[in-house]
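work.cif (mmCIF, C-alpha atoms and all ligand atoms) appears below.
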data_start
loop_
_atom_site.label_atom_id
_atom_site.label_comp_id
_atom_site.auth_asym_id
_atom_site.auth_seq_id
_atom_site.Cartn_x
_atom_site.Cartn_y
_atom_site.Cartn_z
CA MET A 1 -127.68 -111.58 65.66
CA LEU A 2 -130.37 -114.16 64.95
CA ALA A 3 -127.96 -117.08 65.23
CA LYS A 4 -126.90 -115.85 68.65
CA ARG A 5 -130.53 -116.04 69.71
CA GLY A 6 -130.71 -119.67 68.65
CA TYR A 7 -132.40 -119.41 65.27
CA HIS A 8 -131.40 -121.60 62.34
CA VAL A 9 -130.35 -118.87 59.93
CA VAL A 10 -130.29 -119.24 56.14
CA ALA A 11 -128.49 -116.47 54.28
CA LEU A 12 -129.58 -115.58 50.74
CA THR A 13 -126.88 -114.01 48.60
CA GLY A 14 -125.85 -113.43 45.01
CA LYS A 15 -122.19 -113.88 45.90
CA GLU A 16 -121.05 -117.48 46.11
CA ASN A 17 -117.61 -116.37 47.27
CA GLU A 18 -119.14 -114.83 50.41
CA SER A 19 -120.46 -118.16 51.71
CA ASP A 20 -117.68 -118.70 54.24
CA TRP A 21 -118.06 -115.16 55.56
CA LEU A 22 -121.83 -115.56 55.95
CA LYS A 23 -121.31 -118.83 57.81
CA LYS A 24 -118.74 -117.14 60.03
CA LEU A 25 -121.42 -114.56 60.84
CA GLY A 26 -123.79 -117.32 61.94
CA ALA A 27 -125.61 -118.61 58.86
CA LYS A 28 -126.16 -122.37 59.06
CA GLU A 29 -126.91 -122.53 55.34
CA VAL A 30 -126.24 -120.24 52.39
CA MET A 31 -128.61 -120.11 49.42
CA LEU A 32 -127.71 -118.50 46.13
CA ARG A 33 -130.24 -116.08 44.66
CA GLN A 34 -129.42 -117.52 41.23
CA SER A 35 -130.79 -120.87 42.41
CA LEU A 36 -134.32 -119.44 42.83
CA ASP A 37 -136.75 -119.63 39.95
CA LEU A 38 -138.20 -116.16 40.35
CA LYS A 39 -140.06 -116.28 37.04
CA LYS A 40 -142.51 -118.87 38.38
CA ILE A 41 -143.52 -117.68 41.83
CA LYS A 42 -146.60 -119.60 42.98
CA PRO A 43 -149.20 -117.94 45.23
CA LEU A 44 -148.24 -120.53 47.84
CA ASP A 45 -145.12 -122.65 47.66
CA LYS A 46 -143.45 -125.01 50.13
CA ALA A 47 -143.81 -123.48 53.61
CA THR A 48 -140.20 -122.99 54.65
CA TRP A 49 -139.51 -119.86 56.73
CA ALA A 50 -140.71 -118.83 60.19
CA GLY A 51 -139.30 -115.35 59.67
CA ALA A 52 -137.46 -113.36 57.03
CA VAL A 53 -135.63 -110.07 56.68
CA ASP A 54 -135.73 -108.68 53.17
CA ASN A 55 -133.69 -105.77 51.84
CA LEU A 56 -134.41 -106.41 48.15
CA GLY A 57 -138.14 -106.03 47.48
CA GLY A 58 -139.45 -107.17 44.07
CA GLU A 59 -139.40 -110.84 43.11
CA VAL A 60 -137.37 -112.02 46.09
CA LEU A 61 -139.89 -110.52 48.51
CA ALA A 62 -142.77 -112.08 46.54
CA TRP A 63 -141.01 -115.46 46.68
CA MET A 64 -140.43 -115.07 50.42
CA ALA A 65 -144.12 -114.32 51.00
CA SER A 66 -145.11 -117.45 49.06
CA THR A 67 -142.78 -119.66 51.12
CA MET A 68 -143.60 -118.47 54.65
CA LYS A 69 -144.72 -120.99 57.25
CA ASP A 70 -147.97 -120.49 59.16
CA ASN A 71 -147.90 -117.17 61.04
CA GLY A 72 -144.45 -116.36 59.60
CA VAL A 73 -143.27 -112.76 59.72
CA ILE A 74 -141.34 -110.84 57.06
CA ALA A 75 -139.55 -107.61 57.91
CA ALA A 76 -139.39 -105.50 54.74
CA VAL A 77 -136.28 -103.36 55.07
CA GLY A 78 -135.30 -102.19 51.61
CA LEU A 79 -135.66 -102.06 47.86
CA ALA A 80 -132.17 -102.84 46.60
CA ALA A 81 -133.66 -104.90 43.75
CA SER A 82 -137.04 -103.24 43.19
CA ALA A 83 -139.70 -101.03 44.75
CA ASN A 84 -142.39 -103.23 43.21
CA LEU A 85 -144.13 -106.09 44.94
CA ASN A 86 -146.24 -108.43 42.86
CA THR A 87 -147.75 -111.00 45.18
CA THR A 88 -151.15 -112.37 46.22
CA VAL A 89 -153.08 -112.25 49.48
CA MET A 90 -152.77 -116.06 49.83
CA PRO A 91 -149.81 -116.12 52.27
CA PHE A 92 -151.58 -113.55 54.43
CA ILE A 93 -155.05 -115.08 54.58
CA LEU A 94 -154.23 -118.80 54.29
CA ARG A 95 -151.01 -118.93 56.30
CA GLY A 96 -151.48 -115.90 58.54
CA ALA A 97 -148.20 -114.43 57.32
CA SER A 98 -147.38 -110.82 58.23
CA LEU A 99 -145.41 -108.21 56.35
CA LEU A 100 -143.89 -105.63 58.69
CA GLY A 101 -142.43 -102.39 57.37
CA ILE A 102 -139.48 -100.68 58.98
CA ASN A 103 -138.39 -97.08 58.58
CA SER A 104 -135.32 -96.50 60.72
CA GLY A 105 -135.00 -92.85 59.67
CA GLU A 106 -138.38 -91.90 61.15
CA SER A 107 -138.31 -94.12 64.24
CA SER A 108 -138.98 -92.41 67.55
CA LYS A 109 -136.16 -91.66 69.96
CA ASP A 110 -137.55 -94.19 72.44
CA ILE A 111 -137.42 -96.98 69.88
CA ARG A 112 -133.94 -95.94 68.71
CA ASP A 113 -132.65 -95.87 72.29
CA MET A 114 -134.03 -99.35 72.91
CA VAL A 115 -132.58 -100.70 69.65
CA TRP A 116 -129.16 -99.10 70.16
CA ARG A 117 -129.07 -100.39 73.75
CA ARG A 118 -129.76 -103.93 72.59
CA LEU A 119 -127.31 -103.62 69.70
CA ALA A 120 -124.66 -102.79 72.29
CA THR A 121 -125.58 -105.68 74.58
CA ASP A 122 -127.56 -108.87 73.90
CA LEU A 123 -127.91 -108.27 70.15
CA LYS A 124 -124.38 -106.99 69.59
CA PRO A 125 -123.36 -108.19 66.12
CA PRO A 126 -120.14 -110.22 66.04
CA LEU A 127 -117.13 -109.38 63.86
CA LEU A 128 -117.99 -105.70 63.51
CA LYS A 129 -114.42 -104.77 62.58
CA GLU A 130 -114.20 -107.37 59.82
CA MET A 131 -117.58 -106.22 58.53
CA CYS A 132 -116.37 -102.73 57.57
CA ARG A 133 -113.65 -101.12 55.55
CA THR A 134 -112.87 -97.43 55.80
CA ILE A 135 -112.23 -95.18 52.81
CA PRO A 136 -111.45 -91.46 52.59
CA LEU A 137 -114.14 -89.17 51.14
CA ALA A 138 -112.13 -88.75 47.92
CA GLN A 139 -112.56 -92.47 47.11
CA LEU A 140 -116.33 -92.41 47.54
CA PRO A 141 -117.30 -91.72 43.89
CA GLY A 142 -115.32 -94.79 42.85
CA VAL A 143 -117.43 -96.99 45.12
CA PHE A 144 -120.85 -95.90 43.83
CA ASP A 145 -120.73 -98.04 40.68
CA ASP A 146 -119.96 -101.10 42.76
CA PHE A 147 -122.99 -100.36 44.95
CA ILE A 148 -125.24 -99.96 41.91
CA ASN A 149 -123.93 -103.19 40.38
CA ALA A 150 -124.35 -105.08 43.71
CA LYS A 151 -120.61 -105.81 43.77
CA ILE A 152 -120.05 -104.46 47.27
CA SER A 153 -119.92 -106.79 50.19
CA ARG A 154 -119.91 -105.81 53.83
CA ARG A 155 -120.03 -102.13 54.84
CA VAL A 156 -118.04 -99.12 53.65
CA VAL A 157 -117.37 -96.40 56.22
CA VAL A 158 -116.37 -92.97 54.92
CA ASP A 159 -113.76 -91.17 56.99
CA LEU A 160 -114.65 -87.50 56.62
CA ALA A 161 -111.54 -86.38 58.47
CA GLU A 162 -109.13 -87.67 55.83
N1 LIG B 1 -136.12 -99.37 56.06
C1 LIG B 1 -135.18 -98.54 56.44
O1 LIG B 1 -135.32 -97.83 57.41
C2 LIG B 1 -133.90 -98.51 55.68
C3 LIG B 1 -132.77 -97.88 56.23
C4 LIG B 1 -131.61 -97.91 55.48
C5 LIG B 1 -131.57 -98.54 54.24
N2 LIG B 1 -132.69 -99.11 53.76
C6 LIG B 1 -132.70 -99.81 52.47
O2 LIG B 1 -132.22 -101.13 52.68
C7 LIG B 1 -131.74 -101.66 51.45
C8 LIG B 1 -130.44 -102.36 51.70
O3 LIG B 1 -129.44 -101.41 52.05
P1 LIG B 1 -127.94 -101.80 51.93
O4 LIG B 1 -127.12 -100.65 52.37
O5 LIG B 1 -127.73 -103.13 52.59
O6 LIG B 1 -127.85 -101.96 50.34
P2 LIG B 1 -126.75 -102.58 49.40
O7 LIG B 1 -125.46 -102.73 50.17
O8 LIG B 1 -126.75 -101.82 48.15
O9 LIG B 1 -127.35 -104.02 49.06
C9 LIG B 1 -127.38 -105.02 49.99
C10 LIG B 1 -127.36 -106.33 49.24
O10 LIG B 1 -128.52 -106.49 48.44
C11 LIG B 1 -128.19 -107.29 47.30
N3 LIG B 1 -128.53 -106.52 46.09
C12 LIG B 1 -128.19 -105.26 45.80
N4 LIG B 1 -128.70 -104.90 44.60
C13 LIG B 1 -129.39 -105.96 44.14
C14 LIG B 1 -130.16 -106.21 42.96
N5 LIG B 1 -130.31 -105.27 42.02
N6 LIG B 1 -130.75 -107.40 42.83
C15 LIG B 1 -130.62 -108.33 43.79
N7 LIG B 1 -129.90 -108.15 44.92
C16 LIG B 1 -129.29 -106.99 45.09
C17 LIG B 1 -126.73 -107.63 47.40
O11 LIG B 1 -126.66 -108.85 48.11
P3 LIG B 1 -125.50 -109.93 47.88
O12 LIG B 1 -124.21 -109.19 48.07
O13 LIG B 1 -125.74 -110.93 48.94
O14 LIG B 1 -125.68 -110.45 46.51
C18 LIG B 1 -126.20 -106.49 48.25
O15 LIG B 1 -125.02 -106.80 48.91
C19 LIG B 1 -131.68 -100.49 50.48
O16 LIG B 1 -132.75 -100.59 49.59
C20 LIG B 1 -131.81 -99.26 51.38
O17 LIG B 1 -132.45 -98.20 50.73
C21 LIG B 1 -133.83 -99.11 54.47
#

Translate this file's structure into structure tokens.
Ligand SMILES: NC(=O)c1ccc[n+]([C@@H]2O[C@H](COP(=O)([O-])OP(=O)(O)OC[C@H]3O[C@@H](n4cnc5c(N)ncnc54)[C@H](OP(=O)(O)O)[C@@H]3O)[C@@H](O)[C@H]2O)c1
Amino acid sequence: MLAKRGYHVVALTGKENESDWLKKLGAKEVMLRQSLDLKKIKPLDKATWAGAVDNLGGEVLAWMASTMKDNGVIAAVGLAASANLNTTVMPFILRGASLLGINSGESSKDIRDMVWRRLATDLKPPLLKEMCRTIPLAQLPGVFDDFINAKISRRVVVDLAE
């Protein structure tokens, strides 16, 4: 979605074998999470990102905050890695960075309508079919361990009719 709007997108992943897929989706570069030194996060590090979307929380979000450019914006979406956030105020007061929270479940109908409309038009994600695989409800328990161990890639749709 961001690539379509002209941004230079860098994807951060733990799965090296998903690089080609991420590039197909629009990433210009793919970074491996394992390449980050998350044990030594400085209050301010090299200013790199104008914007970021984070679904991990924890150390990755702290690292993102420390590497935002002036007036950069982070959308905090999830806590797949951790609910904790150990950072400093430095990115916020010295670089004007912003941390925006998003709660899709409690968003108003007006906002949802606007988002869904745009997701169906100018922001429509490419390759939606390739992004999902469908499983019957009976197979769902077998997938949970893979989710917990971060082994899943792409989306899993559960067909309740089967
Ligand atoms: N804010 C909201 O309104 C809202 C709505 C729905 C969901 N959420 C939250 O958004 C987050 C992401 O949801 P999702 O369905 O995309 O989750 P997911 O499929 O479980 O995880 C997404 C990716 O995060 C990485 N990951 C998972 N566990 C990790 C770990 N322990 N350490 C480091 N990386 C890890 C993996 O990336 P790689 O495959 O690239 O390694 C994984 O593919 C969840 O925390 C969910 O609760 C928020």

Exercise for review: Kindly provide, as a ChimeraX atom specification, all nucleotide and amino acid residues lying within 9 Å of ligand LIG 1 (chain B), counting only C-alpha atoms and all ligand atoms.
Suggested key: /A:11-16,18,32-33,54-58,60,76-83,101-107,146-156

Review point. In terms of the shortest atom-to-atom distance over only C-alpha atoms, which of A:Val53, A:Val30, A:Arg118, A:Arg5 is closest to A:Asn17?
Key: A:Val30

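Using only C-alpha atoms, the shortest contact distance between A:Leu100 and any of A:Gly51, A:Pro136, A:Pro126, A:Pro43 is found at A:Gly51.
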
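Using all atoms listed in the file, the smallest distance between any of A:Leu99, A:Met31, A:Ala62, A:Val9 and A:Asn84 comes from A:Ala62.
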
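Within 8 Å of the point (-144.1, -122.5, 52.9), counting all atoms listed in the file, the protein and nucleic acid residues come to Leu44, Asp45, Lys46, Ala47, Thr48, Trp49, Ser66, Thr67, Met68, Lys69 and Asp70 of chain A.
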
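Between atom CA of A:Met1 and atom CA of A:Gly26 the separation is 7.9 Å.
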
**Study point:** Point-to-point distance in Å for atom CA of A:Ala161 and atom CA of A:Asp145
**Key:** 23.2 Å

Practice item. For A:Leu140, please output as a PyMOL selection string all residues within 10 Å (counting only C-alpha atoms; exclusion window: fewer than 6 positions along the same chain). Key: chain A and resi 156-159
